[in-house]
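Pasted below: upload.cif, mmCIF, C-alpha atoms and all ligand atoms.
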```
data_entry
#
loop_
_atom_site.label_atom_id
_atom_site.label_comp_id
_atom_site.auth_asym_id
_atom_site.auth_seq_id
_atom_site.Cartn_x
_atom_site.Cartn_y
_atom_site.Cartn_z
CA MET A 132 0.00 0.00 0.00
CA SER A 133 1.13 3.56 -0.51
CA ASP A 134 2.46 5.69 2.34
CA THR A 135 -0.34 8.14 1.68
CA ALA A 136 -2.95 6.06 3.51
CA VAL A 137 -0.78 5.57 6.54
CA ASP A 138 0.13 9.25 6.60
CA GLU A 139 -3.44 10.33 6.07
CA VAL A 140 -5.03 8.42 8.95
CA THR A 141 -3.86 10.77 11.70
CA GLY A 142 -5.43 13.80 10.05
CA LEU A 143 -8.66 11.94 9.29
CA CYS A 144 -8.94 10.76 12.89
CA GLN A 145 -8.14 14.25 14.16
CA ASP A 146 -10.88 15.76 12.00
CA LEU A 147 -13.40 13.24 13.31
CA LEU A 148 -12.37 13.85 16.93
CA ARG A 149 -13.01 17.56 16.43
CA ILE A 150 -16.64 16.92 15.51
CA ASP A 151 -18.54 16.67 18.79
CA THR A 152 -20.85 13.67 18.33
CA SER A 153 -21.91 13.30 21.97
CA ASN A 154 -24.77 10.86 22.39
CA THR A 155 -26.51 11.66 25.66
CA GLY A 156 -29.21 9.03 25.19
CA ASP A 157 -31.73 11.85 24.78
CA PRO A 158 -32.39 12.71 21.10
CA ARG A 159 -32.93 16.38 22.07
CA THR A 160 -29.37 16.81 23.34
CA THR A 161 -27.52 14.36 21.09
CA VAL A 162 -25.38 16.24 18.54
CA GLY A 163 -23.09 15.93 15.55
CA GLU A 164 -23.95 12.59 13.96
CA ARG A 165 -25.15 14.25 10.76
CA VAL A 166 -22.08 16.51 10.60
CA ALA A 167 -19.77 13.52 11.05
CA ALA A 168 -21.63 11.47 8.42
CA GLU A 169 -21.33 14.37 5.98
CA TYR A 170 -17.62 14.58 6.68
CA VAL A 171 -17.24 10.86 5.89
CA ALA A 172 -19.40 11.30 2.77
CA GLU A 173 -17.18 14.11 1.54
CA LYS A 174 -14.00 12.08 2.07
CA LEU A 175 -15.47 9.12 0.15
CA THR A 176 -17.09 11.03 -2.71
CA GLU A 177 -13.87 13.03 -3.15
CA VAL A 178 -12.20 9.83 -4.44
CA GLY A 179 -15.26 8.65 -6.39
CA ILE A 180 -17.00 6.32 -3.92
CA GLU A 181 -20.78 6.61 -3.96
CA VAL A 182 -22.49 6.92 -0.58
CA SER A 183 -26.01 7.10 0.77
CA ILE A 184 -27.09 8.64 4.08
CA HIS A 185 -30.11 7.29 5.95
CA GLU A 186 -31.63 9.23 8.82
CA SER A 187 -33.66 7.34 11.40
CA ALA A 188 -34.78 10.70 12.84
CA PRO A 189 -33.71 14.28 12.06
CA LYS A 190 -29.88 14.41 12.11
CA ARG A 191 -29.52 10.80 13.28
CA ALA A 192 -27.48 9.87 10.21
CA ASN A 193 -26.20 6.48 9.07
CA LEU A 194 -23.96 6.15 6.02
CA ILE A 195 -23.54 3.23 3.62
CA ALA A 196 -21.08 2.78 0.74
CA ARG A 197 -20.56 -0.34 -1.33
CA ILE A 198 -17.19 -0.98 -2.95
CA PRO A 199 -17.54 -3.58 -5.71
CA GLY A 200 -15.15 -6.52 -5.52
CA ALA A 201 -13.57 -8.68 -8.19
CA ASP A 202 -15.96 -11.59 -7.56
CA PRO A 203 -19.53 -10.34 -7.10
CA SER A 204 -20.78 -13.90 -6.55
CA ARG A 205 -19.04 -14.05 -3.17
CA GLY A 206 -20.69 -12.81 0.03
CA ALA A 207 -19.82 -9.23 0.92
CA LEU A 208 -17.78 -8.17 3.95
CA LEU A 209 -19.40 -5.52 6.13
CA VAL A 210 -16.91 -3.10 7.73
CA HIS A 211 -18.66 -0.94 10.30
CA GLY A 212 -17.95 1.84 12.78
CA HIS A 213 -20.13 4.12 14.86
CA LEU A 214 -19.72 7.89 14.69
CA ASP A 215 -21.30 8.82 18.03
CA VAL A 216 -19.37 8.98 21.30
CA VAL A 217 -20.31 9.09 24.96
CA PRO A 218 -20.29 12.61 26.45
CA ALA A 219 -17.14 13.96 28.13
CA ASP A 220 -16.84 16.34 31.08
CA ALA A 221 -14.10 18.77 29.98
CA SER A 222 -13.28 19.72 33.60
CA GLU A 223 -11.97 16.19 34.21
CA TRP A 224 -9.69 16.07 31.15
CA SER A 225 -6.06 17.18 30.68
CA VAL A 226 -6.92 18.45 27.17
CA PRO A 227 -10.24 19.70 25.76
CA PRO A 228 -12.06 16.44 24.85
CA PHE A 229 -13.01 17.58 21.33
CA SER A 230 -9.67 19.14 20.40
CA GLY A 231 -8.10 16.11 18.68
CA GLU A 232 -4.83 17.29 20.18
CA GLU A 233 -1.59 15.52 19.27
CA LYS A 234 0.63 15.10 22.33
CA ASP A 235 3.22 12.54 23.54
CA GLY A 236 2.69 10.34 20.48
CA TYR A 237 -1.06 10.11 21.02
CA LEU A 238 -4.19 11.66 19.53
CA TRP A 239 -6.36 12.77 22.43
CA GLY A 240 -10.10 13.11 22.43
CA ARG A 241 -13.43 11.50 23.17
CA GLY A 242 -13.82 8.73 20.63
CA ALA A 243 -10.06 8.22 20.06
CA ILE A 244 -10.40 4.48 20.67
CA ASP A 245 -14.21 4.20 20.70
CA MET A 246 -14.20 4.35 17.78
CA LYS A 247 -13.14 7.20 15.54
CA ASP A 248 -9.74 5.53 15.24
CA PHE A 249 -11.25 2.68 13.21
CA ASP A 250 -13.62 5.06 11.39
CA ALA A 251 -10.52 6.89 10.16
CA MET A 252 -8.67 3.67 9.26
CA MET A 253 -11.59 2.57 7.08
CA LEU A 254 -11.48 5.91 5.25
CA ALA A 255 -7.70 5.87 4.84
CA VAL A 256 -7.65 2.38 3.31
CA VAL A 257 -10.46 2.76 0.78
CA ARG A 258 -9.38 6.26 -0.26
CA ASP A 259 -5.95 4.86 -1.02
CA TRP A 260 -7.45 1.99 -3.02
CA LYS A 261 -9.48 4.36 -5.14
CA ARG A 262 -6.48 6.54 -5.85
CA THR A 263 -4.26 3.57 -6.78
CA GLY A 264 -6.84 1.36 -8.51
CA VAL A 265 -7.05 -1.51 -6.00
CA VAL A 266 -10.11 -3.76 -6.32
CA PRO A 267 -10.86 -5.97 -3.29
CA PRO A 268 -11.52 -9.68 -3.85
CA ARG A 269 -15.19 -9.37 -2.86
CA ASP A 270 -17.69 -6.57 -2.25
CA ILE A 271 -17.00 -4.47 0.80
CA VAL A 272 -19.84 -2.59 2.44
CA LEU A 273 -18.74 0.33 4.58
CA CYS A 274 -21.24 1.33 7.23
CA TYR A 275 -21.00 4.29 9.61
CA THR A 276 -23.70 4.30 12.25
CA ALA A 277 -25.38 6.64 14.70
CA ASP A 278 -26.51 5.83 18.24
CA GLU A 279 -24.27 2.91 19.14
CA GLU A 280 -23.69 4.42 22.58
CA ALA A 281 -27.35 4.59 23.60
CA GLY A 282 -29.11 1.43 22.54
CA MET A 283 -28.57 1.56 18.73
CA GLN A 284 -32.23 2.18 17.94
CA TYR A 285 -31.39 5.17 15.71
CA GLY A 286 -28.38 3.40 14.21
CA SER A 287 -27.63 -0.25 13.50
CA GLN A 288 -30.97 -1.50 14.84
CA PHE A 289 -32.74 0.95 12.53
CA LEU A 290 -30.68 -0.23 9.54
CA ALA A 291 -31.26 -3.91 10.31
CA ARG A 292 -34.99 -3.31 10.81
CA GLU A 293 -35.82 -0.75 8.08
CA HIS A 294 -33.05 -1.11 5.49
CA PRO A 295 -31.83 -4.73 5.40
CA ASP A 296 -31.61 -4.29 1.60
CA LEU A 297 -28.59 -2.01 2.07
CA LEU A 298 -26.71 -4.85 3.74
CA GLU A 299 -27.89 -7.50 1.34
CA GLY A 300 -25.33 -10.17 0.54
CA CYS A 301 -23.15 -9.40 3.57
CA THR A 302 -22.04 -12.70 5.09
CA GLU A 303 -19.36 -11.51 7.53
CA ALA A 304 -18.60 -8.31 9.39
CA ILE A 305 -15.77 -6.63 11.26
CA GLY A 306 -16.10 -3.73 13.71
CA GLU A 307 -15.23 -2.94 17.34
CA VAL A 308 -14.10 -4.20 20.02
CA GLY A 309 -11.17 -6.41 19.05
CA GLY A 310 -7.88 -6.61 17.18
CA PHE A 311 -5.97 -4.74 19.91
CA SER A 312 -2.75 -6.07 21.41
CA TYR A 313 -1.96 -7.35 24.87
CA THR A 314 1.78 -7.57 25.42
CA VAL A 315 3.11 -10.77 26.96
CA ASN A 316 6.78 -9.95 26.31
CA ASP A 317 8.93 -8.33 23.62
CA ASP A 318 8.43 -11.26 21.27
CA LEU A 319 4.79 -12.06 21.92
CA ARG A 320 1.65 -9.98 21.70
CA LEU A 321 -1.83 -11.44 21.90
CA TYR A 322 -4.37 -9.73 19.66
CA LEU A 323 -7.84 -10.23 21.04
CA VAL A 324 -10.40 -10.87 18.31
CA GLU A 325 -14.00 -10.60 19.45
CA THR A 326 -16.00 -13.70 18.47
CA ALA A 327 -18.76 -13.39 21.07
CA GLU A 328 -20.76 -10.78 22.95
CA LYS A 329 -22.89 -11.14 26.03
CA GLY A 330 -26.59 -10.36 25.69
CA ILE A 331 -28.31 -7.39 27.31
CA ASP A 332 -31.36 -7.52 29.55
CA TRP A 333 -32.02 -4.17 31.21
CA LEU A 334 -34.90 -4.73 33.55
CA ARG A 335 -36.95 -2.92 36.11
CA LEU A 336 -38.06 -4.62 39.28
CA HIS A 337 -41.32 -3.45 40.81
CA ALA A 338 -42.45 -4.11 44.37
CA ARG A 339 -46.00 -3.32 45.41
CA GLY A 340 -47.38 -2.93 48.91
CA ARG A 341 -50.08 -1.23 50.93
CA PRO A 342 -49.60 2.56 51.03
CA GLY A 343 -49.95 4.12 54.46
CA HIS A 344 -48.90 6.58 57.16
CA GLY A 345 -45.23 6.43 58.16
CA SER A 346 -46.08 6.55 61.86
CA PHE A 347 -48.12 3.31 61.97
CA VAL A 348 -47.09 -0.30 62.30
CA HIS A 349 -46.87 -1.51 58.69
CA ASP A 350 -45.97 -5.00 57.47
CA ASP A 351 -46.51 -4.60 53.73
CA ASN A 352 -43.99 -1.94 52.73
CA ALA A 353 -43.00 -1.80 49.02
CA VAL A 354 -39.70 -0.04 49.80
CA THR A 355 -38.65 -2.79 52.21
CA ALA A 356 -39.59 -5.53 49.75
CA LEU A 357 -37.75 -3.86 46.89
CA ALA A 358 -34.67 -3.17 49.03
CA GLU A 359 -34.47 -6.86 49.97
CA ALA A 360 -34.70 -7.93 46.33
CA VAL A 361 -32.11 -5.37 45.19
CA ALA A 362 -29.66 -6.32 47.92
CA ALA A 363 -30.10 -10.01 47.15
CA VAL A 364 -29.50 -9.60 43.41
CA GLY A 365 -26.62 -7.17 43.91
CA ARG A 366 -24.80 -9.62 46.19
CA HIS A 367 -25.58 -12.73 44.17
CA ARG A 368 -22.94 -14.49 42.10
CA PHE A 369 -24.49 -16.46 39.29
CA PRO A 370 -22.96 -19.85 38.50
CA MET A 371 -19.89 -20.01 36.34
CA VAL A 372 -20.43 -21.19 32.76
CA ILE A 373 -17.49 -21.52 30.37
CA THR A 374 -18.64 -21.00 26.78
CA PRO A 375 -16.57 -22.25 23.82
CA THR A 376 -15.12 -18.76 23.20
CA VAL A 377 -13.98 -18.28 26.79
CA ALA A 378 -12.62 -21.85 26.90
CA ALA A 379 -10.56 -21.16 23.76
CA PHE A 380 -9.38 -17.84 25.17
CA LEU A 381 -8.28 -19.35 28.48
CA GLU A 382 -6.45 -22.17 26.75
CA GLU A 383 -4.55 -19.80 24.43
CA VAL A 384 -3.72 -17.34 27.16
CA SER A 385 -2.59 -19.83 29.76
CA ASP A 386 -0.39 -21.41 27.11
CA ALA A 387 1.07 -18.05 26.01
CA LEU A 388 1.63 -16.79 29.55
CA GLY A 389 2.67 -20.11 31.03
CA ILE A 390 -0.11 -19.89 33.62
CA GLU A 391 -1.46 -23.09 35.12
CA LEU A 392 -5.14 -23.26 34.25
CA ASP A 393 -7.36 -24.88 36.87
CA PRO A 394 -10.58 -25.70 34.98
CA ASP A 395 -12.58 -25.44 38.20
CA GLU A 396 -11.20 -22.03 39.07
CA PRO A 397 -10.43 -20.19 35.80
CA GLU A 398 -10.85 -16.89 37.62
CA LEU A 399 -7.47 -17.45 39.30
CA ALA A 400 -5.85 -17.40 35.85
CA ILE A 401 -7.96 -14.43 34.72
CA ALA A 402 -6.88 -12.41 37.77
CA LYS A 403 -3.28 -12.61 36.48
CA LEU A 404 -4.12 -10.84 33.21
CA GLY A 405 -3.51 -7.31 34.53
CA PRO A 406 -5.25 -4.63 32.48
CA ILE A 407 -7.52 -7.06 30.60
CA ALA A 408 -8.61 -9.02 33.68
CA ASN A 409 -11.61 -6.72 34.01
CA LEU A 410 -12.57 -7.20 30.39
CA ILE A 411 -12.47 -10.99 30.62
CA GLY A 412 -13.68 -11.42 34.21
CA ALA A 413 -17.28 -10.64 33.34
CA THR A 414 -17.48 -13.31 30.64
CA VAL A 415 -17.54 -16.42 32.81
CA ARG A 416 -20.99 -15.89 34.32
CA ASN A 417 -24.24 -13.98 33.92
CA THR A 418 -24.21 -10.71 35.84
CA ALA A 419 -26.87 -8.43 37.32
CA ASN A 420 -25.97 -5.01 38.68
CA PRO A 421 -28.59 -2.71 40.26
CA THR A 422 -28.20 0.78 38.78
CA ARG A 423 -31.24 2.91 39.73
CA LEU A 424 -33.78 3.17 42.56
CA GLU A 425 -37.09 4.94 42.64
CA ALA A 426 -39.70 5.12 45.42
CA GLY A 427 -41.75 7.50 47.51
CA TYR A 428 -42.66 11.17 47.37
CA LYS A 429 -42.83 12.29 51.02
CA ASP A 430 -40.85 11.52 54.17
CA ASN A 431 -43.85 10.31 56.20
CA VAL A 432 -45.81 8.46 53.51
CA ILE A 433 -45.24 4.79 52.76
CA PRO A 434 -45.58 4.47 48.97
CA GLY A 435 -47.57 1.71 47.32
CA LYS A 436 -44.84 1.02 44.80
CA ALA A 437 -41.04 0.97 44.53
CA SER A 438 -38.86 0.18 41.53
CA ALA A 439 -35.24 -0.49 40.67
CA THR A 440 -33.35 -0.89 37.41
CA VAL A 441 -30.93 -3.80 37.06
CA ASP A 442 -28.37 -4.06 34.26
CA CYS A 443 -28.18 -7.76 33.40
CA ARG A 444 -25.73 -9.30 30.95
CA THR A 445 -26.22 -12.86 29.82
CA LEU A 446 -23.92 -15.42 28.27
CA PRO A 447 -24.76 -16.87 24.83
CA GLY A 448 -27.64 -19.33 25.19
CA GLN A 449 -28.32 -18.39 28.81
CA ALA A 450 -31.03 -15.70 28.55
CA GLU A 451 -33.96 -17.88 29.65
CA LEU A 452 -32.09 -19.81 32.27
CA PHE A 453 -30.85 -16.52 33.68
CA LEU A 454 -34.41 -15.30 34.25
CA GLU A 455 -35.21 -18.48 36.18
CA GLN A 456 -32.10 -17.95 38.30
CA LEU A 457 -33.02 -14.32 38.87
CA ARG A 458 -36.53 -15.27 39.96
CA ASP A 459 -35.06 -17.60 42.58
CA VAL A 460 -32.96 -14.74 43.93
CA ILE A 461 -35.66 -12.04 44.11
CA GLY A 462 -38.57 -14.25 45.17
CA PRO A 463 -42.04 -14.67 43.67
CA ASP A 464 -43.62 -11.28 44.51
CA ILE A 465 -41.40 -8.88 42.60
CA GLU A 466 -42.66 -7.96 39.15
CA ILE A 467 -40.12 -7.91 36.28
CA GLU A 468 -40.40 -5.44 33.39
CA HIS A 469 -38.00 -5.75 30.45
CA LEU A 470 -36.74 -2.34 29.30
CA GLN A 471 -34.40 -3.58 26.63
CA GLN A 472 -33.35 -7.05 25.52
CA GLN A 473 -30.69 -7.93 22.98
CA ALA A 474 -29.51 -11.45 22.35
CA ALA A 475 -25.94 -12.57 22.89
CA LEU A 476 -23.89 -13.70 19.92
CA GLU A 477 -21.10 -16.17 19.40
CA THR A 478 -19.26 -17.49 16.36
CA THR A 479 -16.36 -19.88 15.91
CA PHE A 480 -12.77 -18.76 15.54
CA ASP A 481 -12.04 -20.38 12.22
CA GLY A 482 -12.36 -20.02 8.46
CA ALA A 483 -10.69 -17.95 5.76
CA LEU A 484 -11.47 -14.56 7.30
CA VAL A 485 -9.97 -15.54 10.66
CA GLU A 486 -6.88 -16.90 8.90
CA ALA A 487 -6.57 -13.63 6.96
CA MET A 488 -6.77 -11.67 10.24
CA SER A 489 -3.97 -13.74 11.78
CA ALA A 490 -1.84 -13.45 8.65
CA ALA A 491 -2.34 -9.67 8.38
CA LEU A 492 -1.34 -9.21 12.02
CA ARG A 493 1.73 -11.42 11.71
CA ALA A 494 2.88 -9.65 8.55
CA GLU A 495 2.98 -6.35 10.44
CA ASP A 496 3.98 -7.74 13.85
CA PRO A 497 5.97 -11.01 13.78
CA GLY A 498 5.20 -11.45 17.50
CA ALA A 499 1.44 -11.39 16.94
CA ARG A 500 -0.86 -14.23 17.98
CA ALA A 501 -4.58 -13.81 17.41
CA VAL A 502 -6.88 -15.22 20.11
CA PRO A 503 -10.68 -15.23 20.34
CA TYR A 504 -12.47 -13.59 23.26
CA MET A 505 -15.93 -12.59 24.43
CA LEU A 506 -16.94 -8.97 25.06
CA SER A 507 -19.11 -8.41 28.12
CA GLY A 508 -20.63 -5.27 26.60
CA GLY A 509 -22.57 -4.70 23.41
CA THR A 510 -21.80 -3.28 19.96
CA ASP A 511 -23.53 -2.78 16.62
CA ALA A 512 -22.73 -6.45 15.94
CA LYS A 513 -25.87 -7.26 17.94
CA ALA A 514 -28.01 -5.69 15.22
CA PHE A 515 -26.06 -7.04 12.26
CA THR A 516 -26.06 -10.59 13.60
CA THR A 517 -29.88 -10.58 13.39
CA LEU A 518 -29.45 -10.44 9.59
CA GLY A 519 -27.48 -13.67 9.68
CA ILE A 520 -24.13 -11.91 9.36
CA ARG A 521 -21.19 -13.55 11.13
CA CYS A 522 -19.71 -10.77 13.27
CA PHE A 523 -16.17 -10.23 14.55
CA GLY A 524 -14.61 -7.45 16.59
CA PHE A 525 -11.46 -6.60 14.65
CA ALA A 526 -10.29 -2.97 14.66
CA PRO A 527 -6.53 -3.60 14.64
CA LEU A 528 -4.41 -1.55 17.03
CA LYS A 529 -0.92 -2.19 18.36
CA LEU A 530 -0.70 -0.79 21.86
CA PRO A 531 2.20 0.12 24.13
CA ALA A 532 2.72 -2.58 26.78
CA ASP A 533 1.95 -0.29 29.71
CA LEU A 534 -1.26 1.29 28.38
CA ASN A 535 -4.41 0.39 30.32
CA PHE A 536 -6.51 0.13 27.19
CA SER A 537 -9.82 -1.04 28.63
CA ALA A 538 -9.84 1.86 31.13
CA LEU A 539 -9.80 4.31 28.21
CA PHE A 540 -13.20 3.17 26.89
CA HIS A 541 -15.60 5.93 27.94
CA GLY A 542 -12.76 7.05 30.22
CA ILE A 543 -11.11 10.36 31.03
CA ASP A 544 -8.22 11.35 28.71
CA GLU A 545 -9.22 8.82 26.04
CA ARG A 546 -6.39 8.69 23.50
CA VAL A 547 -4.98 6.53 20.76
CA PRO A 548 -1.26 5.93 20.04
CA ILE A 549 -0.47 7.37 16.60
CA GLU A 550 1.90 4.50 15.79
CA GLY A 551 -0.89 2.09 16.68
CA LEU A 552 -3.26 3.89 14.37
CA ARG A 553 -0.76 3.69 11.50
CA PHE A 554 -0.23 -0.01 12.25
CA GLY A 555 -4.00 -0.48 12.14
CA VAL A 556 -4.21 0.97 8.63
CA ARG A 557 -1.55 -1.43 7.36
CA VAL A 558 -3.23 -4.47 8.95
CA LEU A 559 -6.71 -3.46 7.77
CA ASP A 560 -5.41 -2.92 4.24
CA ARG A 561 -3.83 -6.39 4.17
CA LEU A 562 -6.91 -8.02 5.64
CA LEU A 563 -9.34 -6.41 3.21
CA ARG A 564 -7.15 -7.23 0.21
CA ASN A 565 -6.94 -10.89 1.26
CA SER A 566 -10.38 -11.66 2.55
ZN ZN A 601 -17.87 1.77 20.62
#
```
Let me see the structure of the file written as structure tokens.
Ligand SMILES: [Zn+2]
Amino acid sequence: MSDTAVDEVTGLCQDLLRIDTSNTGDPRTTVGERVAAEYVAEKLTEVGIEVSIHESAPKRANLIARIPGADPSRGALLVHGHLDVVPADASEWSVPPFSGEEKDGYLWGRGAIDMKDFDAMMLAVVRDWKRTGVVPPRDIVLCYTADEEAGMQYGSQFLAREHPDLLEGCTEAIGEVGGFSYTVNDDLRLYLVETAEKGIDWLRLHARGRPGHGSFVHDDNAVTALAEAVAAVGRHRFPMVITPTVAAFLEEVSDALGIELDPDEPELAIAKLGPIANLIGATVRNTANPTRLEAGYKDNVIPGKASATVDCRTLPGQAELFLEQLRDVIGPDIEIEHLQQQAALETTFDGALVEAMSAALRAEDPGARAVPYMLSGGTDAKAFTTLGIRCFGFAPLKLPADLNFSALFHGIDERVPIEGLRFGVRVLDRLLRNS
């Protein structure tokens, strides 16, 4: 590939970081998605790539571009990135969060790793192809989405629901969160490729009781009942279940790190993984974390109702079993309301695309070893998988050994190493040419 693409990625990423695309979760205060989509459109049309923009609501823009491949009979590869970011409180940051400042070898800004870095890599690679006449082996569909950070209803879920035709023929996809390095030693870096994602079940628990005066004896208090259920679920540890992805991950990692793996207590091995222990730790069991409480309106009135929100994340294939387990924990009298449910996903770590990922990484980093892992959070892959597309998290990034990468997601002073970004362009270029 030409040096132009590698040189261009920093500027493209910087431009994107300077567009404030904060997604507050409230459509009235969410900004910038349309501006960012128009920026991407301009960069693609400038080199002759046709794009279309699809709004799910005013200014909630999603962009699609199809790059024809040499063999149109093959399934297309979807390459996707979201343009929105979570908000940032400037008073907590060392640099203004939407400045795209270059400092100490990093580009700083909200979205630097989640995920304007990959958005920029996608642009850099295909712009270079157009300028130099490269045709990929199969169709590539580029997709830039809105609203990934607040439930995806205005973004990928909208596209999957209302515009599946735009993604027709896509058999596989790559997007966040994977392809980043974890340094074992100078000669060995594990690159974590996402092959599975936990499911989401955000639910509200409701307790009902007899309303009454706060001065009387009262044995049917909704606040008390809810508090007991919330405490029970918050303290509960659901049983450990090792899915094929986590089993493969643990095997690879214990081999690479020379850690003894006790199959009955894999968490002992996970605890030794330093900065990624947190990322992996949540993938061996279902989890349920209480996040909000709501009850009462006056200090001396016992309310008839109390509610709490619980953020539940379920392993692939466990959604129904989880609800049975939860019912056992909270007891029969608490009512469960589902606020949002999205199924987990899991694919196998094999096939030509996976081999091309490994090969592209090794060509740019001889110490690279690709390993599959499960993400405990959610991405746009949840929507695309409903169309039968096999989804991977692969946004390649070589990271300095001492960088606490997972802490930067939605974190203060989010930043991306410029060398890592340039590495990512080279790996992505190789992968897309050989997939
Ligand atoms: Zn993201």
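Distances here use all atoms listed in the file; by that measure, the residue among A:Phe523, A:Tyr313, A:Phe453, A:Phe229 closest to Val217 of chain A is A:Phe229.
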Dump as a Markdown table the rows for residues of chain A within 8 Å of ligand ZN 601 (chain A): closest atom pair and distance in Å with one decimal, all atoms listed in the file counted, ordered by chain and rising residue number.
```
| residue | atom | partner | partner_atom | distance |
| --- | --- | --- | --- | --- |
| A:Gly212 | CA | A:ZN601 | ZN | 7.8 |
| A:His213 | CA | A:ZN601 | ZN | 6.6 |
| A:Val216 | CA | A:ZN601 | ZN | 7.4 |
| A:Ile244 | CA | A:ZN601 | ZN | 7.9 |
| A:Asp245 | CA | A:ZN601 | ZN | 4.4 |
| A:Met246 | CA | A:ZN601 | ZN | 5.3 |
| A:Glu279 | CA | A:ZN601 | ZN | 6.7 |
| A:Glu280 | CA | A:ZN601 | ZN | 6.7 |
| A:Glu307 | CA | A:ZN601 | ZN | 6.3 |
| A:Val308 | CA | A:ZN601 | ZN | 7.1 |
| A:Thr510 | CA | A:ZN601 | ZN | 6.4 |
| A:Phe540 | CA | A:ZN601 | ZN | 7.9 |
```
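The spacing separating atom CA of Glu325 of chain A from atom CA of Phe525 of chain A amounts to 6.7 Å.
The smallest atom-to-atom distance between Pro421 of chain A and any of A:His294, A:Lys529, A:Lys403, A:Arg335, using all atoms listed in the file, is found for A:Arg335.
If only C-alpha atoms are the atoms counted, then among A:Leu392, A:Ala512, A:Thr374, A:Tyr322 the closest residue to Ser489 of chain A is A:Tyr322.
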So for segment 457-473 of chain A, what box centre and size do we get, axis-aligned, 4 Å extra on each of the six sides, every listed atom, Å to one decimal, as lines of an AutoDock Vina configuration file?
```
center_x = -37.2
center_y = -10.0
center_z = 34.1
size_x = 20.9
size_y = 23.3
size_z = 30.2
```
Residues within 12 Å of (-26.4, -4.9, 7.5), counting all atoms listed in the file, listed as JSON, numbers by chain: {"A": [193, 194, 195, 196, 197, 207, 208, 209, 210, 211, 271, 272, 273, 274, 275, 276, 286, 287, 288, 289, 290, 291, 292, 293, 294, 295, 296, 297, 298, 299, 300, 301, 302, 303, 304, 305, 511, 512, 513, 514, 515, 516, 517, 518, 519, 520, 521, 522]}
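Shortest separation to Gly555 of chain A among A:Asp533, A:Asp442, A:Glu177, A:Glu495 occurs at residue A:Glu495, atoms counted being all atoms listed in the file.
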For Pro527 of chain A: contacts at 12 Å, all atoms listed in the file, fewer than 3 positions along chain excluded, given as a VMD selection string: chain A and resid 244 246 248 to 250 252 to 253 305 to 313 321 to 325 488 to 489 491 to 493 495 to 496 499 501 523 to 524 530 547 550 to 562
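Shortest atom-to-atom contact with Pro503 of chain A among A:Val485, A:Leu452, A:Leu336, A:Ala532: A:Val485, counting all atoms listed in the file.
One distance worth recording is that between atom CA of Phe380 of chain A and atom CA of Phe536 of chain A, which is 18.3 Å.
For the atom pair formed by atom CA of Leu539 of chain A and atom CA of Ser222 of chain A, the distance is 16.7 Å, given to one decimal.
Nearest to Trp239 of chain A of all the residues A:Ala487, A:Ile467, A:Leu457, A:Val226 is A:Val226, counting all atoms listed in the file.
Residue neighbourhood of Pro158 of chain A, excluding near-sequence residues (fewer than 2 positions): A:Thr152, A:Ser153, A:Asn154, A:Thr155, A:Gly156, A:Thr160, A:Thr161, A:Val162, A:Gly163, A:Glu164, A:Ser187, A:Ala188, A:Pro189, A:Lys190, A:Arg191, A:Ala277, A:Asp278, A:Ala281, A:Gly282, A:Gln284, A:Tyr285, at 12 Å, using all atoms listed in the file.
Near segment 231-234 of chain A, within 7 Å and counting all atoms listed in the file, sit Gln145, Leu148, Arg149, Trp239 and Gly240 of chain A, not including residues fewer than 5 positions from it in the same chain.
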Contacts of segment 343-356 of chain A within 12 Å, all atoms listed in the file, excl. fewer than 2 positions in-chain, as a count of residues only: 34
Residues within 12 Å of Glu451 of chain A, all atoms listed in the file, excluding chain neighbours under 2 positions, as a ChimeraX atom specification: /A:330,332,417,444-449,453-458,472,474-475
